>>> print(open('protein_2.txt').read())   # compact mmCIF, C-alpha atoms
# COMPACT_ATOMS: atom_id res chain seq x y z
CA MET A 1109 56.17 36.34 -58.32
CA GLN A 1110 54.16 33.52 -57.08
CA THR A 1111 53.07 33.49 -53.50
CA ASN A 1112 52.83 30.41 -51.48
CA PRO A 1113 49.16 29.47 -50.84
CA LEU A 1114 50.07 28.45 -47.32
CA ASP A 1115 51.05 32.00 -46.47
CA GLY A 1116 47.39 33.01 -46.44
CA LEU A 1117 46.55 30.60 -43.66
CA HIS A 1118 46.37 31.80 -40.09
CA ASP A 1119 47.12 29.87 -36.98
CA VAL A 1120 44.22 27.88 -35.57
CA ILE A 1121 43.06 29.39 -32.32
CA ALA A 1122 41.23 26.99 -30.04
CA PRO A 1123 37.96 28.37 -28.69
CA ASN A 1124 37.62 29.04 -25.00
CA GLN A 1125 36.00 26.29 -22.99
CA VAL A 1126 32.24 26.67 -22.85
CA ASP A 1127 30.89 27.03 -19.33
CA TRP A 1128 28.28 24.55 -18.19
CA TRP A 1129 26.46 27.25 -16.25
CA PRO A 1130 23.92 28.75 -16.90
CA LEU A 1131 22.06 25.75 -18.15
CA ALA A 1132 20.18 25.73 -21.40
CA PRO A 1133 16.36 25.95 -21.16
CA ALA A 1134 15.99 22.31 -22.24
CA TRP A 1135 18.00 21.20 -19.19
CA TRP A 1136 15.73 23.25 -16.91
CA VAL A 1137 12.71 21.47 -18.39
CA ILE A 1138 14.34 18.07 -17.82
CA ILE A 1139 15.22 18.98 -14.22
CA ALA A 1140 11.68 20.22 -13.56
CA LEU A 1141 10.15 17.03 -15.00
CA LEU A 1142 12.45 14.86 -12.88
CA CYS A 1143 11.54 16.83 -9.74
CA ILE A 1144 7.83 16.50 -10.51
CA ALA A 1145 8.23 12.75 -11.11
CA LEU A 1146 10.17 12.35 -7.86
CA LEU A 1147 7.60 14.30 -5.83
CA THR A 1148 4.74 12.35 -7.42
CA GLY A 1149 6.43 9.06 -6.54
CA VAL A 1150 7.04 10.13 -2.94
CA TYR A 1151 3.43 11.26 -2.63
CA ALA A 1152 2.12 7.96 -4.04
CA ILE A 1153 4.27 5.97 -1.60
CA TYR A 1154 3.06 8.14 1.29
CA LYS A 1155 -0.60 7.68 0.30
CA ALA A 1156 -0.13 3.90 0.05
CA TYR A 1157 1.54 3.88 3.47
CA GLN A 1158 -1.32 5.89 4.98
CA PHE A 1159 -3.92 3.70 3.26
CA LYS A 1160 -2.51 0.55 4.89
CA LYS A 1161 -2.16 2.15 8.32
CA ALA A 1162 -5.35 0.54 9.67
CA LYS A 1163 -4.23 -2.92 8.55
CA ARG A 1164 -0.81 -2.52 10.19
CA TYR A 1165 -2.50 -1.45 13.41
CA ALA A 1166 -4.91 -4.42 13.24
CA VAL A 1167 -2.02 -6.85 12.74
CA SER A 1168 -0.22 -5.44 15.77
CA LEU A 1169 -3.42 -5.64 17.84
CA SER A 1170 -4.03 -9.22 16.74
CA GLN A 1171 -0.66 -10.27 18.15
CA GLN A 1172 -1.73 -9.02 21.59
CA GLU A 1173 -5.22 -10.56 21.65
CA GLN A 1174 -5.87 -14.19 22.48
CA TYR A 1175 -9.66 -14.48 22.40
CA PRO A 1176 -11.25 -15.26 19.03
CA GLN A 1177 -14.17 -12.93 19.71
CA HIS A 1178 -11.79 -9.96 20.11
CA LEU A 1179 -9.97 -10.94 16.94
CA HIS A 1180 -13.30 -11.19 15.14
CA ILE A 1181 -14.12 -7.64 16.25
CA ILE A 1182 -10.75 -6.43 14.91
CA LEU A 1183 -11.54 -8.12 11.60
CA LYS A 1184 -14.96 -6.45 11.48
CA ARG A 1185 -13.32 -3.09 12.16
CA LEU A 1186 -10.98 -3.69 9.23
CA VAL A 1187 -13.92 -4.43 6.95
CA VAL A 1188 -15.67 -1.24 8.10
CA GLU A 1189 -12.51 0.79 7.51
CA TYR A 1190 -11.82 -0.43 3.98
CA TYR A 1191 -15.21 -1.51 2.60
CA GLY A 1192 -17.92 0.20 4.63
CA LYS A 1193 -20.32 -0.61 7.40
CA HIS A 1194 -22.82 -2.43 5.19
CA LEU A 1195 -20.43 -5.39 4.73
CA ALA A 1196 -19.69 -5.74 8.44
CA THR A 1197 -23.38 -5.95 9.33
CA GLN A 1198 -24.28 -8.77 6.95
CA PRO A 1199 -26.05 -11.95 8.03
CA THR A 1200 -23.73 -14.77 9.08
CA LYS A 1201 -23.79 -16.63 5.77
CA GLN A 1202 -22.87 -13.57 3.69
CA TRP A 1203 -20.35 -12.49 6.35
CA CYS A 1204 -18.58 -15.85 5.98
CA GLU A 1205 -18.48 -15.40 2.20
CA THR A 1206 -17.04 -11.90 2.63
CA LEU A 1207 -14.41 -13.19 5.07
CA ASN A 1208 -13.52 -16.01 2.70
CA THR A 1209 -13.09 -13.53 -0.16
CA LEU A 1210 -11.05 -11.01 1.80
CA SER A 1211 -8.82 -13.39 3.74
CA GLY A 1212 -8.31 -16.29 1.37
CA LEU A 1213 -9.25 -18.66 4.21
CA THR A 1214 -12.41 -20.72 4.65
CA PHE A 1215 -14.71 -19.70 7.46
CA THR A 1216 -17.91 -21.59 8.24
CA GLU A 1217 -21.08 -20.34 9.85
CA GLN A 1218 -20.47 -22.76 12.70
CA GLU A 1219 -17.13 -21.13 13.50
CA ILE A 1220 -18.66 -17.66 13.56
CA LEU A 1221 -21.58 -18.81 15.70
CA SER A 1222 -19.20 -20.54 18.13
CA LEU A 1223 -17.83 -17.11 19.03
CA TYR A 1224 -21.01 -16.40 20.94
CA SER A 1225 -21.08 -19.65 22.90
CA SER A 1226 -20.02 -19.89 26.54
CA GLU A 1227 -16.62 -21.42 25.75
CA ASN A 1228 -15.18 -19.23 23.04
CA ASN A 1229 -11.48 -19.64 23.85
CA ASN A 1230 -10.70 -21.81 20.83
CA VAL A 1231 -6.96 -21.49 20.10
CA ASP A 1232 -7.28 -22.81 16.54
CA LEU A 1233 -9.99 -20.28 15.73
CA SER A 1234 -7.88 -17.49 17.26
CA GLU A 1235 -4.97 -18.44 15.03
CA LYS A 1236 -7.29 -18.59 12.01
CA PHE A 1237 -8.56 -15.06 12.76
CA ARG A 1238 -4.97 -13.84 13.19
CA GLN A 1239 -4.10 -15.31 9.81
CA ALA A 1240 -7.21 -13.70 8.29
CA ILE A 1241 -6.17 -10.30 9.63
CA LYS A 1242 -2.66 -10.77 8.27
CA ASN A 1243 -3.96 -11.88 4.83
CA PHE A 1244 -6.73 -9.25 4.68
CA LYS A 1245 -7.00 -7.82 1.16
CA VAL A 1246 -7.39 -4.08 1.31
CA LYS A 1247 -8.17 -3.53 -2.37
CA GLU A 1248 -10.28 -6.54 -3.27
CA PRO A 1249 -13.35 -5.61 -5.34
CA LEU A 1250 -16.45 -7.05 -3.73
CA TYR A 1251 -19.72 -7.61 -5.51
CA VAL A 1252 -22.01 -8.52 -2.68
>>> encode(input="protein_2.txt", output="structure tokens")
Amino acid sequence: MQTNPLDGLHDVIAPNQVDWWPLAPAWWVIIALLCIALLTGVYAIYKAYQFKKAKRYAVSLSQQEQYPQHLHIILKRLVVEYYGKHLATQPTKQWCETLNTLSGLTFTEQEILSLYSSENNNVDLSEKFRQAIKNFKVKEPLYV
């Protein structure tokens, strides 16, 4: 007697659903790498924020000051903070070149020397110093 070949087949039983937890080790590695990348990014943003703290403070101070000599002192303090004392104590000609490089504006020796004259309340010069503080480059390489 011949048997039917289909009689030997069994019903298909669907497997139970696979749980998503616990995660496979590869997923733990991916999660750890993402956390490290996130923490590194947050730290880099924090360091950049802290690095520019002096400039933000100088910009806020410059809005309160009206005398060009005070604004010039704020600008010198910025140079000391970011580039060192040796640049802030340069002779007038080199100081003008440094200011021109760091601010993108054009300062002349005459403007700097006018700060020490009896009438140093020049509104145009005050605005120029305010603009220089606002445009101050905190990461400009200087070769002076």
>>> residues_near_point(input="protein_2.txt", point="(-11.1, -7.8, 17.2)", cutoff="12 Å", atoms="all atoms listed in the file", output="ChimeraX atom specification")
/A:1165-1187,1223,1234,1237-1238,1240-1241
>>> write_last_selection(input="protein_2.txt", atoms="C-alpha atoms", output="compact mmCIF listing (two decimals), keeping the file's coordinate frame")
# COMPACT_ATOMS: atom_id res chain seq x y z
CA TYR A 1165 -2.50 -1.45 13.41
CA ALA A 1166 -4.91 -4.42 13.24
CA VAL A 1167 -2.02 -6.85 12.74
CA SER A 1168 -0.22 -5.44 15.77
CA LEU A 1169 -3.42 -5.64 17.84
CA SER A 1170 -4.03 -9.22 16.74
CA GLN A 1171 -0.66 -10.27 18.15
CA GLN A 1172 -1.73 -9.02 21.59
CA GLU A 1173 -5.22 -10.56 21.65
CA GLN A 1174 -5.87 -14.19 22.48
CA TYR A 1175 -9.66 -14.48 22.40
CA PRO A 1176 -11.25 -15.26 19.03
CA GLN A 1177 -14.17 -12.93 19.71
CA HIS A 1178 -11.79 -9.96 20.11
CA LEU A 1179 -9.97 -10.94 16.94
CA HIS A 1180 -13.30 -11.19 15.14
CA ILE A 1181 -14.12 -7.64 16.25
CA ILE A 1182 -10.75 -6.43 14.91
CA LEU A 1183 -11.54 -8.12 11.60
CA LYS A 1184 -14.96 -6.45 11.48
CA ARG A 1185 -13.32 -3.09 12.16
CA LEU A 1186 -10.98 -3.69 9.23
CA VAL A 1187 -13.92 -4.43 6.95
CA LEU A 1223 -17.83 -17.11 19.03
CA SER A 1234 -7.88 -17.49 17.26
CA PHE A 1237 -8.56 -15.06 12.76
CA ARG A 1238 -4.97 -13.84 13.19
CA ALA A 1240 -7.21 -13.70 8.29
CA ILE A 1241 -6.17 -10.30 9.63
>>> residues_around(input="protein_2.txt", residues="Phe1244 in chain A", least_positions_apart="2", cutoff="8 Å", atoms="all atoms listed in the file", output="number ranges by chain")
A: 1163, 1210-1212, 1240-1242, 1246
>>> atom_distance(input="protein_2.txt", atom1="CA of Lys1155 in chain A", atom2="CA of Gln1239 in chain A")
25.1 Å
>>> residues_near_point(input="protein_2.txt", point="(-11.1, -21.3, 14.5)", cutoff="10 Å", atoms="all atoms listed in the file", output="count of residues only")
20
>>> atom_distance(input="protein_2.txt", atom1="CA of Trp1135 in chain A", atom2="CA of Ala1152 in chain A")
25.6 Å
>>> closest_residue(input="protein_2.txt", among="A:Ala1132, A:Val1126, A:Ala1156, A:Leu1221", to="Trp1203 in chain A", atoms="all atoms listed in the file")
A:Leu1221
